[in-house]
Amino acid sequence: MQYKDLQTFTQAFYAKDNVDSSEYIVAQLFFLNGSKAGTTHSCDTDSITIGRSIQNRINIPSPRISKNHCEIIRESEKYYLIDHHSKNGTFLNNKQIKPDKKYALSHGDKIELCDSVILFVNPDSSSKTVKMQPIKIDRNQLTEEAEEVLKKFKVIVSAVSPRHNKK
């Protein structure tokens, strides 16, 4: 079976752990590429700092990532993304965000930090009647690990070019 939208992907993602979808489940960050490709991180605290420093909740050891690059905060069960004056910027759905400003995160949002692309998955919000957009990712930007995870969940990745063999 292939999943045609983000909602069915989310249901399959959580079904793999036999999680009762009627229970509250925290949002997840799914790394599509970069050094953390194929990993997930739970948004189970009110603040998740991301950056090169090992003191961050999520450490990305890349010289292009700032020491304290950005943060995801939870307020009243809503999630927000904040850039902390990162050198190379933080992008939300292909648009650079302004430092120190809170940007609301929605199920299926794509966060880009240099060479790391993160999919924000919030199953609690997926129960709402919302038309989900396909996930558009250039296969050439995916690591093999992330591509394998997507295949595992049988996700259809739209507007994807075939993987070019690197010489």
# chains A, B, ... in the order shown; residues from 1 in each chain; ligands from 1
>>> residues_around(residues="A:Asp115", least_positions_apart="4", cutoff="9 Å", atoms="only C-alpha atoms", output="ChimeraX atom specification")
/A:33-35,62,64-65,141
>>> residues_around(residues="A:Lys98", least_positions_apart="4", cutoff="9 Å", atoms="only C-alpha atoms", output="ChimeraX atom specification")
/A:82-85,89-90,102
>>> closest_residue(among="A:Cys70, A:Val26, A:Val121, A:Ile97", to="A:Gly51", atoms="only C-alpha atoms")
A:Cys70
>>> atom_distance(atom1="atom CA of A:Thr39", atom2="atom CA of A:Gln55")
18.8 Å
>>> residues_around(residues="stretch 75-80 of chain A", least_positions_apart="6", cutoff="10 Å", atoms="only C-alpha atoms", output="short mmCIF file (atom, residue, chain, number, x, y, z; two decimals) with N, CA and C atoms, in the first residue's frame")
data_model
loop_
_atom_site.label_atom_id
_atom_site.label_comp_id
_atom_site.auth_asym_id
_atom_site.auth_seq_id
_atom_site.Cartn_x
_atom_site.Cartn_y
_atom_site.Cartn_z
N VAL A 26 2.99 13.19 21.13
CA VAL A 26 3.71 14.43 20.90
C VAL A 26 4.19 14.50 19.45
N ALA A 27 4.43 15.70 19.03
CA ALA A 27 4.94 15.92 17.67
C ALA A 27 6.34 15.32 17.55
N CYS A 43 9.11 15.87 20.26
CA CYS A 43 8.93 17.22 20.80
C CYS A 43 8.22 17.08 22.15
N ASP A 46 8.99 21.52 26.47
CA ASP A 46 8.52 22.83 26.01
C ASP A 46 9.54 23.58 25.16
N SER A 47 10.78 23.11 25.16
CA SER A 47 11.83 23.77 24.38
C SER A 47 12.78 22.73 23.81
N LYS A 101 11.67 35.82 15.97
CA LYS A 101 10.23 35.86 15.75
C LYS A 101 9.68 34.43 15.79
N LYS A 102 8.52 34.26 16.43
CA LYS A 102 7.89 32.93 16.51
C LYS A 102 7.07 32.67 15.24
N TYR A 103 7.30 31.50 14.64
CA TYR A 103 6.54 31.06 13.47
C TYR A 103 5.82 29.77 13.84
N ALA A 104 4.49 29.78 13.71
CA ALA A 104 3.69 28.60 14.05
C ALA A 104 4.04 27.44 13.13
N LEU A 105 4.18 26.26 13.71
CA LEU A 105 4.44 25.05 12.94
C LEU A 105 3.15 24.27 12.75
N SER A 106 2.97 23.74 11.56
CA SER A 106 1.80 22.91 11.23
C SER A 106 2.28 21.54 10.79
N HIS A 107 1.41 20.58 10.94
CA HIS A 107 1.70 19.22 10.52
C HIS A 107 2.17 19.22 9.07
N PHE A 120 8.26 18.28 10.13
CA PHE A 120 7.53 18.40 11.39
C PHE A 120 6.26 17.58 11.27
N ASN A 122 2.99 16.27 13.32
CA ASN A 122 2.19 16.47 14.52
C ASN A 122 0.88 15.72 14.35
N ASP A 124 -1.43 14.93 16.35
CA ASP A 124 -2.59 15.48 17.05
C ASP A 124 -3.35 16.45 16.15
N SER A 125 -2.61 17.19 15.32
CA SER A 125 -3.27 18.15 14.43
C SER A 125 -3.77 17.48 13.16
#
>>> atom_distance(atom1="atom CA of A:Leu119", atom2="atom CA of A:Phe30")
5.0 Å
>>> atom_distance(atom1="atom CA of A:Phe31", atom2="atom CA of A:Pro99")
22.1 Å
>>> select_by_dssp(residues="stretch 30-136 of chain A", states="alpha helix (DSSP H)", output="list in words")
Pro123, Asp124, Ser125 and Ser126 of chain A
>>> closest_residue(among="A:Val117, A:Ile48, A:Ile72, A:Ile111", to="A:Phe91", atoms="only C-alpha atoms")
A:Ile111
>>> decode(residues="stretch 97-111 of chain A", atoms="all heavy atoms", output="tab-separated table (two decimals), in the first residue's frame")
chain	number	residue	atom	x	y	z
A	97	ILE	N	13.09	32.56	7.71
A	97	ILE	CA	12.37	33.22	8.79
A	97	ILE	C	13.27	34.27	9.44
A	97	ILE	O	14.49	34.20	9.37
A	97	ILE	CB	11.85	32.21	9.84
A	97	ILE	CG1	12.98	31.49	10.57
A	97	ILE	CG2	10.91	31.21	9.18
A	97	ILE	CD1	12.53	30.63	11.73
A	98	LYS	N	12.64	35.25	10.06
A	98	LYS	CA	13.37	36.34	10.72
A	98	LYS	C	13.79	35.91	12.12
A	98	LYS	O	13.05	35.22	12.82
A	98	LYS	CB	12.49	37.58	10.81
A	98	LYS	CG	12.15	38.17	9.46
A	98	LYS	CD	11.26	39.38	9.59
A	98	LYS	CE	10.91	39.92	8.21
A	98	LYS	NZ	10.00	41.05	8.26
A	99	PRO	N	14.98	36.33	12.55
A	99	PRO	CA	15.46	35.98	13.89
A	99	PRO	C	14.53	36.50	14.99
A	99	PRO	O	13.90	37.55	14.85
A	99	PRO	CB	16.83	36.67	13.98
A	99	PRO	CG	17.25	36.87	12.56
A	99	PRO	CD	15.97	37.08	11.79
A	100	ASP	N	14.45	35.73	16.06
A	100	ASP	CA	13.71	36.07	17.28
A	100	ASP	C	12.20	36.18	17.11
A	100	ASP	O	11.51	36.61	18.03
A	100	ASP	CB	14.25	37.37	17.91
A	100	ASP	CG	15.67	37.22	18.41
A	100	ASP	OD1	16.04	36.11	18.84
A	100	ASP	OD2	16.42	38.21	18.37
A	101	LYS	N	11.67	35.82	15.97
A	101	LYS	CA	10.23	35.86	15.75
A	101	LYS	C	9.68	34.43	15.79
A	101	LYS	O	10.29	33.51	15.26
A	101	LYS	CB	9.91	36.51	14.40
A	101	LYS	CG	8.44	36.69	14.16
A	101	LYS	CD	8.15	37.41	12.86
A	101	LYS	CE	6.65	37.47	12.66
A	101	LYS	NZ	6.27	37.85	11.33
A	102	LYS	N	8.52	34.26	16.43
A	102	LYS	CA	7.89	32.93	16.51
A	102	LYS	C	7.07	32.67	15.24
A	102	LYS	O	6.26	33.50	14.86
A	102	LYS	CB	6.96	32.83	17.72
A	102	LYS	CG	7.67	32.84	19.04
A	102	LYS	CD	6.80	32.46	20.21
A	102	LYS	CE	5.49	33.16	20.32
A	102	LYS	NZ	4.77	32.90	21.56
A	103	TYR	N	7.30	31.50	14.64
A	103	TYR	CA	6.54	31.06	13.47
A	103	TYR	C	5.82	29.77	13.84
A	103	TYR	O	6.45	28.80	14.26
A	103	TYR	CB	7.47	30.81	12.27
A	103	TYR	CG	8.07	32.07	11.72
A	103	TYR	CD1	9.18	32.66	12.32
A	103	TYR	CD2	7.51	32.69	10.61
A	103	TYR	CE1	9.73	33.84	11.81
A	103	TYR	CE2	8.05	33.87	10.09
A	103	TYR	CZ	9.16	34.43	10.71
A	103	TYR	OH	9.69	35.59	10.20
A	104	ALA	N	4.49	29.78	13.71
A	104	ALA	CA	3.69	28.60	14.05
A	104	ALA	C	4.04	27.44	13.13
A	104	ALA	O	4.19	27.62	11.91
A	104	ALA	CB	2.21	28.93	13.95
A	105	LEU	N	4.18	26.26	13.71
A	105	LEU	CA	4.44	25.05	12.94
A	105	LEU	C	3.15	24.27	12.75
A	105	LEU	O	2.35	24.15	13.68
A	105	LEU	CB	5.47	24.17	13.65
A	105	LEU	CG	6.91	24.68	13.66
A	105	LEU	CD1	7.78	23.83	14.57
A	105	LEU	CD2	7.46	24.70	12.24
A	106	SER	N	2.97	23.74	11.56
A	106	SER	CA	1.80	22.91	11.23
A	106	SER	C	2.28	21.54	10.79
A	106	SER	O	3.40	21.38	10.29
A	106	SER	CB	1.00	23.55	10.10
A	106	SER	OG	0.51	24.81	10.49
A	107	HIS	N	1.41	20.58	10.94
A	107	HIS	CA	1.70	19.22	10.52
A	107	HIS	C	2.17	19.22	9.07
A	107	HIS	O	1.53	19.77	8.19
A	107	HIS	CB	0.42	18.39	10.67
A	107	HIS	CG	0.57	16.95	10.32
A	107	HIS	ND1	1.42	16.12	10.99
A	107	HIS	CD2	-0.02	16.21	9.35
A	107	HIS	CE1	1.32	14.91	10.46
A	107	HIS	NE2	0.47	14.95	9.47
A	108	GLY	N	3.35	18.64	8.82
A	108	GLY	CA	3.87	18.55	7.46
A	108	GLY	C	4.80	19.66	7.06
A	108	GLY	O	5.33	19.66	5.94
A	109	ASP	N	5.07	20.62	7.95
A	109	ASP	CA	5.98	21.70	7.62
A	109	ASP	C	7.40	21.17	7.44
A	109	ASP	O	7.82	20.23	8.11
A	109	ASP	CB	5.99	22.78	8.71
A	109	ASP	CG	4.83	23.74	8.59
A	109	ASP	OD1	4.12	23.72	7.56
A	109	ASP	OD2	4.61	24.52	9.54
A	110	LYS	N	8.13	21.83	6.53
A	110	LYS	CA	9.51	21.46	6.24
A	110	LYS	C	10.42	22.56	6.79
A	110	LYS	O	10.28	23.72	6.45
A	110	LYS	CB	9.70	21.30	4.73
A	110	LYS	CG	11.08	20.83	4.33
A	110	LYS	CD	11.16	20.48	2.85
A	110	LYS	CE	11.10	21.73	2.02
A	110	LYS	NZ	11.44	21.50	0.59
A	111	ILE	N	11.35	22.15	7.66
A	111	ILE	CA	12.32	23.06	8.27
A	111	ILE	C	13.68	22.75	7.65
A	111	ILE	O	14.10	21.59	7.62
A	111	ILE	CB	12.37	22.86	9.80
A	111	ILE	CG1	10.98	23.07	10.41
A	111	ILE	CG2	13.41	23.76	10.43
A	111	ILE	CD1	10.85	22.57	11.84
